[in-house]
file protein.txt (compact mmCIF, C-alpha atoms and all ligand atoms)
# COMPACT_ATOMS: atom_id res chain seq x y z
CA MET Q 1 18.17 2.28 -7.30
CA ALA Q 2 17.72 2.59 -3.59
CA LEU Q 3 15.64 1.06 -0.84
CA LEU Q 4 13.44 3.54 1.01
CA GLU Q 5 12.48 3.52 4.67
CA ILE Q 6 8.90 2.35 5.20
CA ARG Q 7 7.06 4.49 7.75
CA LEU Q 8 5.04 2.72 10.41
CA PHE Q 9 1.66 3.53 11.93
CA GLY Q 10 2.05 6.43 14.35
CA ASP Q 11 4.18 8.44 11.90
CA PRO Q 12 2.16 11.60 11.17
CA VAL Q 13 3.02 11.50 7.46
CA LEU Q 14 0.65 8.52 7.06
CA THR Q 15 -2.46 10.57 7.87
CA GLN Q 16 -1.68 13.53 5.60
CA LYS Q 17 -3.13 14.12 2.17
CA SER Q 18 -0.66 13.83 -0.71
CA ASP Q 19 -0.26 16.43 -3.47
CA PRO Q 20 -0.76 15.76 -7.18
CA VAL Q 21 2.46 15.24 -9.14
CA THR Q 22 3.12 18.14 -11.52
CA ARG Q 23 6.78 17.56 -12.47
CA PHE Q 24 7.55 14.58 -14.64
CA ASP Q 25 11.34 14.40 -14.75
CA ALA Q 26 14.17 11.92 -14.26
CA GLU Q 27 13.96 12.36 -10.50
CA LEU Q 28 10.32 11.25 -10.49
CA ALA Q 29 11.14 8.20 -12.66
CA ARG Q 30 13.94 7.27 -10.26
CA PHE Q 31 11.62 7.63 -7.27
CA GLY Q 32 9.09 5.36 -9.04
CA ASP Q 33 11.81 2.71 -9.52
CA ASP Q 34 12.85 3.00 -5.85
CA LEU Q 35 9.24 2.64 -4.70
CA LEU Q 36 8.79 -0.55 -6.74
CA GLU Q 37 12.13 -1.94 -5.57
CA THR Q 38 11.28 -1.24 -1.92
CA LEU Q 39 7.87 -2.88 -2.38
CA ARG Q 40 9.50 -6.03 -3.77
CA TYR Q 41 12.13 -6.10 -1.04
CA ALA Q 42 9.38 -5.86 1.59
CA HIS Q 43 7.33 -8.65 -0.10
CA GLY Q 44 4.17 -6.54 -0.37
CA ALA Q 45 1.67 -6.15 -3.19
CA GLY Q 46 1.37 -2.35 -3.00
CA LEU Q 47 3.27 0.63 -1.56
CA ALA Q 48 2.16 4.27 -1.67
CA ALA Q 49 4.57 7.26 -1.67
CA PRO Q 50 3.45 8.58 1.75
CA GLN Q 51 4.45 5.21 3.23
CA VAL Q 52 8.05 6.21 2.51
CA GLY Q 53 7.47 9.78 3.72
CA VAL Q 54 6.86 11.40 0.32
CA LEU Q 55 3.53 13.24 0.00
CA LYS Q 56 3.05 12.68 -3.74
CA ARG Q 57 0.02 11.05 -5.33
CA MET Q 58 1.63 7.88 -6.64
CA PHE Q 59 2.00 4.23 -5.72
CA ALA Q 60 3.73 1.04 -6.83
CA PHE Q 61 1.97 -2.31 -7.18
CA ASP Q 62 3.17 -5.83 -7.85
CA ILE Q 63 0.49 -8.50 -7.77
CA PRO Q 64 1.69 -12.14 -7.52
CA PRO Q 65 1.39 -13.83 -10.95
CA ASP Q 66 -1.83 -15.72 -11.65
CA GLU Q 67 -0.94 -19.41 -11.81
CA GLU Q 68 -3.44 -20.16 -14.56
CA THR Q 69 -3.14 -17.17 -16.86
CA GLY Q 70 0.43 -16.11 -15.99
CA GLU Q 71 -0.86 -12.54 -15.74
CA HIS Q 72 1.44 -10.43 -13.56
CA PRO Q 73 0.28 -6.85 -13.09
CA PHE Q 74 2.92 -4.47 -11.71
CA GLY Q 75 4.01 -0.89 -12.17
CA VAL Q 76 3.77 2.64 -10.83
CA LEU Q 77 0.64 4.81 -11.12
CA VAL Q 78 0.81 8.59 -10.74
CA ASN Q 79 -2.17 10.85 -9.93
CA PRO Q 80 -4.54 7.84 -9.86
CA VAL Q 81 -8.31 8.34 -9.68
CA ILE Q 82 -10.93 5.59 -9.36
CA THR Q 83 -13.48 6.12 -12.12
CA ARG Q 84 -15.54 2.92 -11.74
CA TRP Q 85 -16.46 0.66 -8.82
CA GLU Q 86 -18.38 -2.59 -9.08
CA GLY Q 87 -19.46 -5.33 -6.70
CA GLU Q 88 -18.04 -6.07 -3.28
CA GLN Q 89 -15.35 -8.28 -1.75
CA ASP Q 90 -14.68 -8.94 1.91
CA GLY Q 91 -11.38 -10.48 2.87
CA GLU Q 92 -8.20 -10.22 4.86
CA GLU Q 93 -6.07 -7.16 4.23
CA GLY Q 94 -2.72 -6.03 5.58
CA CYS Q 95 -0.48 -2.98 5.23
CA LEU Q 96 3.32 -2.59 5.15
CA SER Q 97 2.93 0.25 7.67
CA PHE Q 98 1.31 -2.23 10.11
CA PRO Q 99 3.54 -5.28 9.53
CA GLY Q 100 2.01 -8.51 10.72
CA LEU Q 101 -1.58 -7.28 11.17
CA TYR Q 102 -4.34 -8.77 8.99
CA TYR Q 103 -8.02 -7.90 9.29
CA ALA Q 104 -11.13 -8.18 7.15
CA CYS Q 105 -11.90 -5.11 5.01
CA LYS Q 106 -14.78 -4.60 2.62
CA ARG Q 107 -13.76 -3.27 -0.79
CA ALA Q 108 -15.26 -3.02 -4.26
CA MET Q 109 -14.64 -6.23 -6.26
CA GLU Q 110 -13.69 -4.37 -9.44
CA VAL Q 111 -12.38 -0.89 -10.11
CA THR Q 112 -11.10 1.12 -13.04
CA VAL Q 113 -8.32 3.60 -12.30
CA ASP Q 114 -7.31 6.47 -14.58
CA ALA Q 115 -3.74 7.64 -14.00
CA VAL Q 116 -0.54 8.65 -15.75
CA ASP Q 117 2.83 6.92 -15.73
CA VAL Q 118 6.07 8.49 -14.43
CA ARG Q 119 6.52 10.24 -17.79
CA GLY Q 120 3.04 11.76 -17.64
CA GLN Q 121 1.50 9.45 -20.26
CA PRO Q 122 -2.16 8.58 -19.57
CA LEU Q 123 -3.01 5.00 -18.72
CA GLN Q 124 -5.98 3.11 -17.42
CA VAL Q 125 -5.88 0.00 -15.22
CA GLU Q 126 -8.90 -2.23 -14.75
CA GLY Q 127 -8.62 -4.74 -11.96
CA ASP Q 128 -10.61 -7.14 -9.87
CA GLY Q 129 -9.83 -9.19 -6.76
CA LEU Q 130 -6.45 -8.41 -5.21
CA LEU Q 131 -5.49 -5.79 -7.83
CA ALA Q 132 -8.75 -3.91 -7.17
CA ARG Q 133 -8.24 -4.20 -3.40
CA CYS Q 134 -4.65 -2.99 -3.76
CA MET Q 135 -5.55 0.08 -5.84
CA GLN Q 136 -8.31 1.09 -3.39
CA HIS Q 137 -5.95 0.63 -0.41
CA GLU Q 138 -3.12 2.66 -2.03
CA ILE Q 139 -5.39 5.50 -3.17
CA ASP Q 140 -6.71 5.67 0.41
CA HIS Q 141 -3.07 6.17 1.52
CA LEU Q 142 -2.84 9.18 -0.82
CA ASP Q 143 -5.77 10.71 1.07
CA GLY Q 144 -4.23 9.91 4.47
CA VAL Q 145 -6.78 7.14 5.07
CA LEU Q 146 -5.47 3.94 6.69
CA PHE Q 147 -7.02 0.48 6.44
CA ILE Q 148 -7.99 0.52 10.11
CA GLU Q 149 -10.65 3.05 9.07
CA ARG Q 150 -12.12 0.48 6.66
CA MET Q 151 -12.54 -2.20 9.36
CA SER Q 152 -15.50 -2.86 11.57
CA ARG Q 153 -15.34 -0.98 14.90
CA GLY Q 154 -14.58 -4.17 16.79
CA ASP Q 155 -11.73 -5.12 14.48
CA ARG Q 156 -10.31 -1.59 14.66
CA LYS Q 157 -10.16 -1.82 18.45
CA ARG Q 158 -8.53 -5.24 18.26
CA ALA Q 159 -6.04 -4.08 15.60
CA LEU Q 160 -5.00 -1.01 17.60
CA LYS Q 161 -4.57 -3.11 20.73
CA GLN Q 162 -2.51 -5.67 18.80
CA TRP Q 163 -0.40 -2.84 17.38
CA ARG Q 164 0.19 -1.20 20.77
CA GLU Q 165 1.29 -4.47 22.25
CA ARG Q 166 3.64 -5.09 19.38
CA GLU Q 167 5.24 -1.70 18.89
CA PHE Q 168 7.60 -2.01 21.82
CA ASP Q 169 9.18 -4.97 20.07
CA LEU Q 170 9.77 -3.15 16.82
CA GLU Q 171 13.21 -1.87 16.14
CA PHE Q 172 13.41 0.39 13.19
CA GLU Q 173 16.84 1.05 11.80
CA GLY Q 174 17.33 2.07 8.23
CA ILE Q 175 15.37 -0.09 5.86
CA ALA Q 176 12.47 -2.00 7.33
CA PRO Q 177 14.33 -4.66 9.35
CA HIS Q 178 11.06 -5.35 11.16
CA LEU Q 179 9.80 -7.01 8.00
CA HIS Q 180 12.31 -9.77 8.48
CA ARG Q 181 11.71 -10.45 12.12
CA SER Q 182 10.90 -14.09 12.64
CA ASP Q 183 7.77 -13.29 14.67
CA LEU Q 184 6.19 -11.35 11.80
CA THR Q 185 4.54 -13.03 8.89
CA ILE Q 186 4.20 -10.94 5.79
CA LYS Q 187 1.61 -12.39 3.43
CA PRO Q 188 2.71 -11.28 -0.04
CA ASP Q 189 -0.77 -11.60 -1.47
CA LYS Q 190 -2.42 -9.44 1.19
CA THR Q 191 0.00 -6.72 2.26
CA LEU Q 192 -0.71 -3.33 0.68
ZN ZN P 201 -0.94 0.20 3.27
call {"tool": "encode", "arguments": {"input": "protein.txt", "output": "structure tokens", "more": "lines below"}}
Ligand code: ZN
result
Amino acid sequence: MALLEIRLFGDPVLTQKSDPVTRFDAELARFGDDLLETLRYAHGAGLAAPQVGVLKRMFAFDIPPDEETGEHPFGVLVNPVITRWEGEQDGEEGCLSFPGLYYACKRAMEVTVDAVDVRGQPLQVEGDGLLARCMQHEIDHLDGVLFIERMSRGDRKRALKQWREREFDLEFEGIAPHLHRSDLTIKPDKTL
């Protein structure tokens, strides 16, 4: 397995639309493993293929285990489509392509996602709370939509200003060293 370089806001790949996956081979399975490994290394809850520069409709997710139920949803979804939305949640959200920025975003409280796995086998994931937020955020990435577009106008201005002021500090060599800078706090339960 290999760690992949996480692209940061400003990289044009993040605003492009990804293509459906049509080839289900060993290379795709390996890429799925790398995506999940990179997500875990970066301490996020979700990571979409375009965030590592690959315009394929797929993402990895790894939601922190529920302390009461022990439930721990993680995996890789390919060609995901939201088929059901319900309710609303409003809470802090972050993105591995904007490390250290957290702003309120409105999302559906529950969603159902139809997808296939890396072998092309159909699967359905129903989620609420963070899992639902994560799947909506990652599927937005596949359409080139970033979370700043889901914020209020005021927050978007503040986020872009915060980002501009920060970017001169960011050094980006190889694999995401910015994620380990002491001045950045990555919240594992909010970074998608
Ligand atoms: Zn993101």
call {"tool": "closest_residue", "arguments": {"input": "protein.txt", "among": "Q:Lys157, Q:Lys190, Q:Lys56, Q:His137", "to": "Q:Leu28", "atoms": "all atoms listed in the file"}}
result
Q:Lys56
call {"tool": "closest_residue", "arguments": {"input": "protein.txt", "among": "Q:Asp143, Q:Glu88, Q:Glu68, Q:Asp155", "to": "Q:Asp19", "atoms": "all atoms listed in the file"}}
result
Q:Asp143
call {"tool": "residues_around", "arguments": {"input": "protein.txt", "residues": "Q:Arg156", "least_positions_apart": "4", "cutoff": "12 Å", "atoms": "all atoms listed in the file", "output": "short mmCIF file (atom, residue, chain, number, x, y, z; two decimals) with C-alpha atoms, in the coordinates of the input"}}
result
data_model
loop_
_atom_site.label_atom_id
_atom_site.label_comp_id
_atom_site.auth_asym_id
_atom_site.auth_seq_id
_atom_site.Cartn_x
_atom_site.Cartn_y
_atom_site.Cartn_z
CA LEU Q 101 -1.58 -7.28 11.17
CA TYR Q 102 -4.34 -8.77 8.99
CA TYR Q 103 -8.02 -7.90 9.29
CA ALA Q 104 -11.13 -8.18 7.15
CA CYS Q 105 -11.90 -5.11 5.01
CA LEU Q 146 -5.47 3.94 6.69
CA PHE Q 147 -7.02 0.48 6.44
CA ILE Q 148 -7.99 0.52 10.11
CA GLU Q 149 -10.65 3.05 9.07
CA ARG Q 150 -12.12 0.48 6.66
CA MET Q 151 -12.54 -2.20 9.36
CA SER Q 152 -15.50 -2.86 11.57
CA LEU Q 160 -5.00 -1.01 17.60
CA LYS Q 161 -4.57 -3.11 20.73
CA GLN Q 162 -2.51 -5.67 18.80
CA TRP Q 163 -0.40 -2.84 17.38
#
call {"tool": "atom_distance", "arguments": {"input": "protein.txt", "atom1": "atom CA of Q:Phe59", "atom2": "atom CA of Q:Gly44"}}
result
12.2 Å
call {"tool": "residues_near_ligand", "arguments": {"input": "protein.txt", "ligand": "ligand ZN 201 (chain P)", "cutoff": "9 Å", "atoms": "only C-alpha atoms and all ligand atoms", "output": "list in words"}}
result
Gly46, Leu47, Ala48, Gln51, Gly94, Cys95, Leu96, Ser97, Phe98, Cys134, His137, Glu138, Asp140, His141, Leu146, Phe147, Thr191 and Leu192 of chain Q
call {"tool": "axis_aligned_box", "arguments": {"input": "protein.txt", "around": "stretch 31-43 of chain Q", "padding_each_side": "6 Å", "output": "JSON"}}
result
{"center_x": 10.1, "center_y": -0.5, "center_z": -4.0, "size_x": 17.5, "size_y": 28.3, "size_z": 23.1}
